[in-house]
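See below for query-v8.tsv, which holds TSV, C-alpha atoms.
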chain	number	residue	atom	x	y	z
D	1	MET	CA	-10.39	-83.63	-142.02
D	2	SER	CA	-9.51	-81.45	-145.00
D	3	ALA	CA	-7.18	-82.60	-147.75
D	4	VAL	CA	-4.38	-80.41	-149.08
D	5	PRO	CA	-5.25	-79.83	-152.75
D	6	ALA	CA	-2.56	-80.47	-155.33
D	7	GLY	CA	-0.66	-77.26	-155.99
D	8	ALA	CA	-2.03	-75.58	-152.87
D	9	CYS	CA	-0.14	-74.20	-149.90
D	10	PRO	CA	0.09	-76.92	-147.21
D	11	ARG	CA	-0.41	-74.30	-144.51
D	12	CYS	CA	-3.24	-71.98	-145.60
D	13	GLY	CA	-4.62	-73.87	-148.62
D	14	SER	CA	-4.18	-70.91	-150.97
D	15	ALA	CA	-3.94	-71.83	-154.65
D	16	SER	CA	-0.57	-71.30	-156.34
D	17	LYS	CA	0.84	-71.25	-159.84
D	18	ALA	CA	2.81	-74.17	-161.18
D	19	ASP	CA	6.16	-72.34	-160.95
D	20	ASP	CA	5.59	-70.72	-157.54
D	21	ARG	CA	8.09	-71.70	-154.85
D	22	PHE	CA	6.46	-69.69	-152.07
D	23	CYS	CA	2.87	-69.06	-151.04
D	24	GLY	CA	1.69	-65.57	-151.97
D	25	ARG	CA	-0.59	-65.37	-148.93
D	26	CYS	CA	1.39	-66.69	-145.95
D	27	GLY	CA	4.93	-67.00	-147.33
D	28	SER	CA	5.29	-70.74	-146.71
D	29	ALA	CA	7.64	-72.79	-148.86
D	30	LEU	CA	5.46	-74.83	-151.23
D	31	GLY	CA	7.51	-78.03	-151.22
D	32	LEU	CA	5.24	-80.76	-149.84
D	33	PRO	CA	6.59	-83.20	-147.23
D	34	PRO	CA	7.23	-86.84	-148.17
D	35	ALA	CA	4.72	-89.58	-147.47
D	36	GLY	CA	4.58	-90.62	-143.83
D	37	TRP	CA	2.73	-90.41	-140.52
D	38	TYR	CA	2.21	-86.87	-139.22
D	39	ALA	CA	0.18	-85.17	-136.51
D	40	ASP	CA	-3.43	-85.16	-137.58
D	41	PRO	CA	-4.54	-81.55	-138.29
D	42	ALA	CA	-8.15	-82.62	-137.72
D	43	GLY	CA	-7.61	-84.49	-134.45
D	44	PRO	CA	-4.89	-83.45	-131.99
D	45	GLY	CA	-3.25	-86.43	-130.32
D	46	ARG	CA	-3.57	-88.66	-133.37
D	47	LEU	CA	-1.45	-89.52	-136.39
D	48	ARG	CA	-2.73	-89.41	-139.96
D	49	TRP	CA	-1.10	-90.83	-143.08
D	50	TRP	CA	0.05	-88.22	-145.63
D	51	ASP	CA	0.52	-89.86	-149.05
D	52	GLY	CA	2.78	-87.13	-150.38
D	53	ARG	CA	-0.06	-85.15	-151.98
D	54	GLN	CA	-2.97	-85.21	-149.56
D	55	TRP	CA	-4.25	-86.63	-146.28
D	56	SER	CA	-5.60	-90.19	-146.35
D	57	GLU	CA	-8.31	-91.79	-144.22
D	58	GLN	CA	-5.74	-93.82	-142.23
D	59	VAL	CA	-5.34	-92.65	-138.64
D	60	ALA	CA	-3.42	-94.03	-135.68
D	61	VAL	CA	-2.84	-93.25	-132.01
D	62	PRO	CA	0.73	-92.33	-130.91
D	63	ASN	CA	2.70	-94.90	-128.88
D	64	VAL	CA	0.85	-97.69	-130.71
D	65	ALA	CA	2.68	-99.78	-133.31
D	66	VAL	CA	2.17	-98.11	-136.68
D	67	PRO	CA	3.52	-99.65	-139.91
D	68	ASN	CA	6.16	-97.69	-141.85
D	69	VAL	CA	6.39	-94.83	-139.35
D	70	ALA	CA	9.35	-92.57	-140.11
D	71	VAL	CA	10.58	-92.39	-136.52
D	72	HIS	CA	13.13	-89.67	-137.32
D	73	THR	CA	10.61	-87.43	-139.03
D	74	PRO	CA	9.88	-84.42	-136.78
D	75	TRP	CA	6.30	-84.10	-135.62
D	76	ALA	CA	4.31	-81.62	-137.60
D	77	ASP	CA	2.61	-78.61	-136.12
D	78	PRO	CA	-1.03	-79.74	-135.61
D	79	ALA	CA	-2.22	-76.40	-136.97
D	80	VAL	CA	-0.21	-76.87	-140.14
D	81	GLY	CA	0.02	-80.59	-140.75
D	82	ARG	CA	3.47	-80.66	-142.27
D	83	SER	CA	7.01	-81.61	-141.32
D	84	GLU	CA	10.29	-79.71	-141.54
D	85	ARG	CA	13.84	-80.81	-140.79
D	86	PRO	CA	15.32	-79.12	-137.73
D	87	SER	CA	18.09	-77.59	-139.86
D	88	GLU	CA	15.54	-75.79	-142.02
D	89	PRO	CA	14.24	-72.55	-140.46
D	90	ARG	CA	10.51	-71.93	-140.59
D	91	GLN	CA	10.01	-69.65	-143.56
D	92	ARG	CA	6.37	-69.03	-142.67
D	93	LEU	CA	7.04	-67.11	-139.45
D	94	PRO	CA	5.46	-63.66	-139.36
D	95	GLY	CA	7.48	-60.91	-137.77
D	96	LEU	CA	8.57	-58.12	-140.12
D	97	GLY	CA	6.58	-55.67	-138.02
D	98	ALA	CA	8.34	-56.92	-134.90
D	99	ALA	CA	11.67	-56.50	-136.69
D	100	VAL	CA	10.93	-52.84	-137.45
D	101	VAL	CA	9.85	-52.20	-133.86
D	102	GLY	CA	12.89	-54.00	-132.50
D	103	LEU	CA	15.30	-52.00	-134.67
D	104	VAL	CA	13.69	-48.67	-133.81
D	105	LEU	CA	13.46	-49.41	-130.09
D	106	GLY	CA	17.01	-50.77	-129.95
D	107	ALA	CA	18.48	-47.78	-131.79
D	108	GLY	CA	16.43	-45.40	-129.65
D	109	LEU	CA	17.47	-47.05	-126.40
D	110	GLY	CA	21.12	-47.02	-127.44
D	111	ALA	CA	20.94	-43.32	-128.28
D	112	LEU	CA	19.14	-42.55	-125.01
D	113	LEU	CA	21.79	-44.34	-122.97
D	114	VAL	CA	24.55	-42.41	-124.74
D	115	PHE	CA	22.69	-39.15	-123.99
D	116	VAL	CA	22.39	-40.07	-120.31
D	117	LEU	CA	26.06	-41.00	-120.04
D	118	ASP	CA	27.11	-37.81	-121.83
D	119	ALA	CA	25.01	-35.76	-119.41
D	120	ALA	CA	26.71	-37.55	-116.52
D	121	GLY	CA	30.18	-36.75	-117.84
D	122	ARG	CA	30.79	-40.14	-119.48
D	123	PRO	CA	31.75	-42.17	-116.38
D	124	GLY	CA	34.13	-44.92	-117.42
D	125	GLY	CA	35.01	-43.15	-120.64
D	126	THR	CA	34.41	-44.26	-124.21
D	127	ALA	CA	34.72	-47.97	-123.37
D	128	VAL	CA	31.71	-47.86	-121.03
D	129	THR	CA	29.67	-45.65	-123.35
D	130	LEU	CA	30.34	-47.96	-126.29
D	131	THR	CA	29.42	-51.07	-124.31
D	132	VAL	CA	26.22	-49.62	-122.89
D	133	SER	CA	25.04	-48.20	-126.22
D	134	GLU	CA	25.63	-51.50	-128.00
D	135	LEU	CA	23.75	-53.42	-125.32
D	136	GLY	CA	20.84	-51.02	-125.77
D	137	LEU	CA	20.81	-51.57	-129.52
D	138	TRP	CA	21.20	-55.33	-129.18
D	139	SER	CA	18.28	-55.56	-126.76
D	140	GLY	CA	15.99	-54.58	-129.62
D	141	LEU	CA	17.72	-56.71	-132.24
D	142	VAL	CA	17.61	-59.82	-130.05
D	143	GLY	CA	14.23	-59.05	-128.53
D	144	ALA	CA	12.46	-59.05	-131.91
D	145	PRO	CA	13.37	-62.62	-132.99
D	146	VAL	CA	12.83	-63.92	-129.45
D	147	PHE	CA	9.34	-62.38	-129.42
D	148	VAL	CA	8.52	-63.76	-132.88
D	149	SER	CA	9.80	-67.22	-131.94
D	150	ARG	CA	7.71	-67.35	-128.77
D	151	ARG	CA	4.63	-65.76	-130.30
D	152	TRP	CA	4.42	-67.66	-133.59
D	153	GLY	CA	7.15	-70.30	-133.54
D	154	THR	CA	8.42	-73.08	-131.33
D	155	GLY	CA	10.23	-70.84	-128.86
D	156	ARG	CA	13.55	-72.36	-130.01
D	157	LEU	CA	15.72	-70.03	-132.07
D	158	SER	CA	17.66	-72.97	-133.48
D	159	GLU	CA	14.54	-74.38	-135.10
D	160	ASP	CA	12.70	-71.18	-135.99
D	161	PHE	CA	15.69	-69.35	-137.49
D	162	GLY	CA	18.29	-72.04	-138.18
D	163	TRP	CA	20.50	-70.69	-135.39
D	164	THR	CA	22.87	-73.68	-135.32
D	165	PHE	CA	26.61	-74.11	-135.79
D	166	ARG	CA	28.83	-76.90	-137.15
D	167	PRO	CA	32.64	-77.12	-137.25
D	168	VAL	CA	32.59	-76.92	-141.05
D	169	ASP	CA	31.04	-73.46	-140.72
D	170	LEU	CA	34.48	-72.11	-139.81
D	171	ALA	CA	35.89	-73.10	-143.19
D	172	ILE	CA	32.79	-71.86	-145.00
D	173	GLY	CA	32.97	-68.66	-142.99
D	174	LEU	CA	36.57	-67.98	-144.02
D	175	VAL	CA	35.69	-68.31	-147.69
D	176	GLY	CA	32.62	-66.16	-147.11
D	177	ALA	CA	34.63	-63.45	-145.34
D	178	LEU	CA	37.09	-63.21	-148.25
D	179	ALA	CA	34.22	-63.16	-150.73
D	180	GLY	CA	32.49	-60.49	-148.66
D	181	HIS	CA	35.53	-58.21	-148.78
D	182	ALA	CA	35.81	-58.77	-152.53
D	183	ALA	CA	32.12	-57.96	-152.99
D	184	GLY	CA	32.54	-54.78	-150.96
D	185	VAL	CA	35.42	-53.58	-153.14
D	186	VAL	CA	33.50	-54.33	-156.34
D	187	ALA	CA	30.44	-52.49	-155.01
D	188	ILE	CA	32.31	-49.23	-154.40
D	189	LEU	CA	34.35	-49.24	-157.61
D	190	PRO	CA	31.64	-47.25	-159.47
D	191	LEU	CA	32.04	-44.63	-156.74
D	192	TYR	CA	35.79	-44.38	-157.27
D	193	ALA	CA	35.68	-40.58	-157.38
D	194	ALA	CA	34.84	-40.58	-153.67
D	195	PHE	CA	37.20	-43.44	-152.84
D	196	HIS	CA	39.72	-41.17	-151.16
D	197	ASP	CA	37.11	-40.10	-148.62
D	198	LEU	CA	36.44	-43.74	-147.80
D	199	LEU	CA	40.12	-44.17	-146.96
D	200	THR	CA	39.99	-41.05	-144.81
D	201	HIS	CA	36.91	-42.33	-142.96
D	202	PRO	CA	37.17	-46.12	-143.35
D	203	GLN	CA	34.46	-47.09	-140.90
D	204	VAL	CA	31.00	-46.47	-139.58
D	205	GLY	CA	30.16	-46.32	-135.92
D	206	LEU	CA	32.88	-45.31	-133.47
D	207	PRO	CA	35.31	-42.68	-134.90
D	208	GLN	CA	38.81	-44.04	-135.28
D	209	ASP	CA	40.39	-41.36	-133.09
D	210	GLN	CA	38.28	-42.59	-130.15
D	211	ILE	CA	39.67	-46.13	-130.31
D	212	GLN	CA	42.47	-45.75	-127.81
D	213	GLY	CA	43.73	-47.66	-124.78
D	214	ALA	CA	41.03	-49.74	-123.04
D	215	VAL	CA	38.63	-49.12	-125.93
D	216	TRP	CA	40.56	-51.51	-128.19
D	217	PRO	CA	39.65	-54.81	-126.45
D	218	VAL	CA	36.07	-53.66	-125.90
D	219	TYR	CA	35.71	-52.66	-129.52
D	220	GLY	CA	37.28	-55.93	-130.64
D	221	VAL	CA	34.85	-58.08	-128.63
D	222	ILE	CA	31.90	-56.06	-129.92
D	223	VAL	CA	32.77	-56.23	-133.62
D	224	ILE	CA	34.23	-59.75	-133.73
D	225	VAL	CA	31.93	-61.58	-131.29
D	226	GLY	CA	28.85	-59.62	-130.30
D	227	ALA	CA	27.84	-57.91	-133.53
D	228	PRO	CA	28.08	-61.03	-135.76
D	229	ILE	CA	25.92	-63.10	-133.40
D	230	VAL	CA	23.26	-60.45	-132.81
D	231	GLU	CA	23.11	-59.02	-136.33
D	232	GLU	CA	22.96	-62.40	-138.05
D	233	LEU	CA	20.11	-63.52	-135.81
D	234	PHE	CA	18.20	-60.32	-136.58
D	235	PHE	CA	18.99	-59.62	-140.25
D	236	ARG	CA	19.63	-63.07	-141.75
D	237	GLY	CA	17.53	-65.00	-139.22
D	238	LEU	CA	14.40	-62.88	-138.83
D	239	VAL	CA	14.31	-60.32	-141.65
D	240	GLN	CA	15.74	-62.40	-144.49
D	241	THR	CA	13.74	-65.47	-143.54
D	242	ARG	CA	10.49	-63.58	-143.82
D	243	LEU	CA	11.40	-61.74	-147.03
D	244	VAL	CA	12.66	-64.92	-148.70
D	245	GLY	CA	9.55	-66.78	-147.58
D	246	ARG	CA	7.31	-64.16	-149.17
D	247	TYR	CA	9.25	-62.94	-152.22
D	248	GLY	CA	11.83	-65.64	-152.90
D	249	PRO	CA	15.61	-65.71	-152.36
D	250	GLY	CA	16.56	-63.09	-154.96
D	251	TRP	CA	14.50	-60.23	-153.57
D	252	GLY	CA	14.71	-61.46	-150.00
D	253	ILE	CA	18.51	-61.51	-149.84
D	254	THR	CA	18.85	-58.26	-151.82
D	255	VAL	CA	16.44	-56.23	-149.70
D	256	THR	CA	17.87	-57.63	-146.45
D	257	SER	CA	21.39	-56.71	-147.56
D	258	ILE	CA	20.33	-53.15	-148.37
D	259	VAL	CA	18.63	-52.78	-145.00
D	260	PHE	CA	21.72	-54.27	-143.36
D	261	GLY	CA	23.94	-51.66	-145.00
D	262	CYS	CA	21.58	-48.80	-144.20
D	263	ALA	CA	21.46	-49.85	-140.54
D	264	HIS	CA	25.18	-49.11	-140.31
D	265	LEU	CA	24.52	-45.47	-141.17
D	266	ILE	CA	23.41	-44.94	-137.56
D	267	GLY	CA	27.01	-43.93	-136.83
D	268	TRP	CA	27.14	-41.38	-139.68
D	269	GLN	CA	30.55	-39.74	-140.14
D	270	GLY	CA	30.11	-38.15	-143.56
D	271	PRO	CA	30.28	-39.42	-147.17
D	272	GLY	CA	32.80	-42.07	-146.15
D	273	SER	CA	30.08	-43.70	-144.07
D	274	LEU	CA	27.85	-43.92	-147.14
D	275	LEU	CA	30.56	-45.69	-149.09
D	276	ALA	CA	31.31	-47.99	-146.17
D	277	ALA	CA	27.60	-48.84	-145.85
D	278	THR	CA	27.53	-49.67	-149.57
D	279	ALA	CA	30.42	-52.08	-149.11
D	280	ILE	CA	28.73	-53.56	-146.04
D	281	ALA	CA	25.50	-54.08	-147.99
D	282	ALA	CA	27.43	-55.93	-150.71
D	283	SER	CA	29.14	-58.15	-148.16
D	284	GLY	CA	25.70	-58.70	-146.61
D	285	GLY	CA	24.65	-60.28	-149.89
D	286	VAL	CA	27.38	-62.89	-149.43
D	287	LEU	CA	26.26	-63.52	-145.85
D	288	GLY	CA	22.67	-63.84	-147.02
D	289	PHE	CA	23.64	-66.35	-149.68
D	290	LEU	CA	25.53	-68.49	-147.17
D	291	ARG	CA	22.64	-68.47	-144.74
D	292	HIS	CA	20.08	-69.32	-147.43
D	293	ARG	CA	22.22	-71.95	-149.12
D	294	THR	CA	23.09	-73.85	-145.94
D	295	GLY	CA	19.88	-73.17	-143.99
D	296	ARG	CA	21.95	-72.23	-140.92
D	297	LEU	CA	23.08	-69.01	-139.29
D	298	GLY	CA	26.35	-70.66	-138.25
D	299	THR	CA	27.88	-70.11	-141.69
D	300	SER	CA	26.93	-66.44	-142.04
D	301	THR	CA	27.85	-65.73	-138.40
D	302	ALA	CA	31.31	-67.25	-138.85
D	303	ALA	CA	31.82	-65.30	-142.08
D	304	HIS	CA	30.60	-62.09	-140.44
D	305	SER	CA	32.96	-62.57	-137.51
D	306	MET	CA	35.97	-63.25	-139.73
D	307	PHE	CA	35.07	-60.36	-142.00
D	308	ASN	CA	35.04	-58.00	-139.02
D	309	ALA	CA	38.20	-59.56	-137.59
D	310	MET	CA	40.07	-58.80	-140.81
D	311	ALA	CA	38.85	-55.20	-140.78
D	312	PHE	CA	39.73	-54.87	-137.09
D	313	ALA	CA	43.23	-56.19	-137.72
D	314	LEU	CA	43.77	-53.67	-140.51
D	315	LEU	CA	42.47	-50.89	-138.27
D	316	ALA	CA	44.79	-51.94	-135.46
D	317	ALA	CA	47.69	-51.98	-137.90
D	318	GLY	CA	46.89	-48.43	-138.91
D	319	VAL	CA	45.93	-49.36	-142.49
Written as structure tokens, how would this file's structure read?
Amino acid sequence: MSAVPAGACPRCGSASKADDRFCGRCGSALGLPPAGWYADPAGPGRLRWWDGRQWSEQVAVPNVAVPNVAVHTPWADPAVGRSERPSEPRQRLPGLGAAVVGLVLGAGLGALLVFVLDAAGRPGGTAVTLTVSELGLWSGLVGAPVFVSRRWGTGRLSEDFGWTFRPVDLAIGLVGALAGHAAGVVAILPLYAAFHDLLTHPQVGLPQDQIQGAVWPVYGVIVIVGAPIVEELFFRGLVQTRLVGRYGPGWGITVTSIVFGCAHLIGWQGPGSLLAATAIAASGGVLGFLRHRTGRLGTSTAAHSMFNAMAFALLAAGV
């Protein structure tokens, strides 16, 4: 048995400063769990009493009456010896490398599928091409967090990335969507000289003149349903979780939001795309705040969906 020294990371034992909130070595949150019975890190299959600061000498065998057992306290990872509430995503998960690979592979696969369909004369038209390219991109964005969860986590996205939803998230999402649009406008005000070009090219991705006929419902499902679910899992679930765990919420949310905006430059349409990506990055900051503040992806996903729904409605109205 090895005790967890006061002020040390409960996962790797690395020393930390008094004002550190995150471990500089492994990225774990430094808040220690409350006193209680947890899985014994020195003896799998046993319980050991954690006094709130360090491990004690008291051990017990599961399924045997143990005094003062917190029955609702989740079992700790035997390799870590700590407990986390299910609503709190694991901030210690590695995976930034997997995120980069997933983004590159997804974007590459999407581009390859578009090339193949173009060479074949675009069977099914723009609607099929759009659907297939998005599925290619999403395979990488979803594959990365799934791989990280199975390789280093519990294998459950809800626990590893806070991928849960509550009815109240709809109300929070509406407020977040409005705040996101406001943040986007504020972000592009310094670039007012190029504002006219943004109005001429108000989007990134599929050019507006290609959204006709059967493309409308397909595009609507993609931007209102598919993109919010997939992108929130990848950017706010995987990328932001790791960056926040290592550098804290300020830098973690900021960098994730910038990467989020830059990712939308894949569908480059000129300077208007750059301005749109800037607005998207600013709105991403709002999404990142919601996800970090609530510990769930349900809030940021709802806000993302409503944000896109508002933009889609304006596009459909010809605004």
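Across D:Ala282, D:Leu274, D:Ala214, D:Val148, the tightest approach to Gly124 in chain D is made by D:Ala214 when counting all atoms listed in the file.
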I need the residue nearest Leu189 in chain D from this list: D:Pro145, D:Gly110, D:Ala177, D:Leu275. Use all atoms listed in the file for the distance.
D:Leu275
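One finds CA of Gly226 in chain D at 22.7 Å from CA of Gly95 in chain D.
With distances restricted to only C-alpha atoms, D:Phe165 is the closest residue to Gly295 in chain D from D:Phe235, D:Tyr247, D:Phe165, D:Phe312.
Near Ser133 in chain D, within a cut-off of 9 Å and counting only C-alpha atoms, sit the residues Ala107, Leu109, Gly110, Ala111, Leu112, Leu113, Val114, Val128, Thr129, Leu130, Thr131, Leu135, Gly136, Leu137 and Trp138 of chain D, with same-chain residues fewer than 2 positions away left out.
Counting from CA of Gly261 in chain D, the distance to CA of Ala277 in chain D is 4.7 Å.
Counting all atoms listed in the file, the residue from D:Gly180, D:Gly213, D:Gly162, D:Gly108 that sits nearest to Arg296 in chain D is D:Gly162.
Counting only C-alpha atoms, the residue from D:Ala311, D:Leu47, D:Leu141, D:Val132 that sits nearest to Asp118 in chain D is D:Val132.
From CA of Leu157 in chain D back to CA of Ile172 in chain D, the distance works out to 21.5 Å.
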Residue nearest Gln58 in chain D - candidates D:Val223, D:Ile229, D:Ala317, D:Ala39, atoms counted: only C-alpha atoms:
D:Ala39
Need the shell around Ala309 in chain D: protein/DNA/RNA residues with any atom at most 12 Å away, counting all atoms listed in the file. Skip same-chain ones fewer than 4 positions apart. Format as a PyMOL selection string?
chain D and resi 173-174+177-178+181+219-228+302-305+313-316
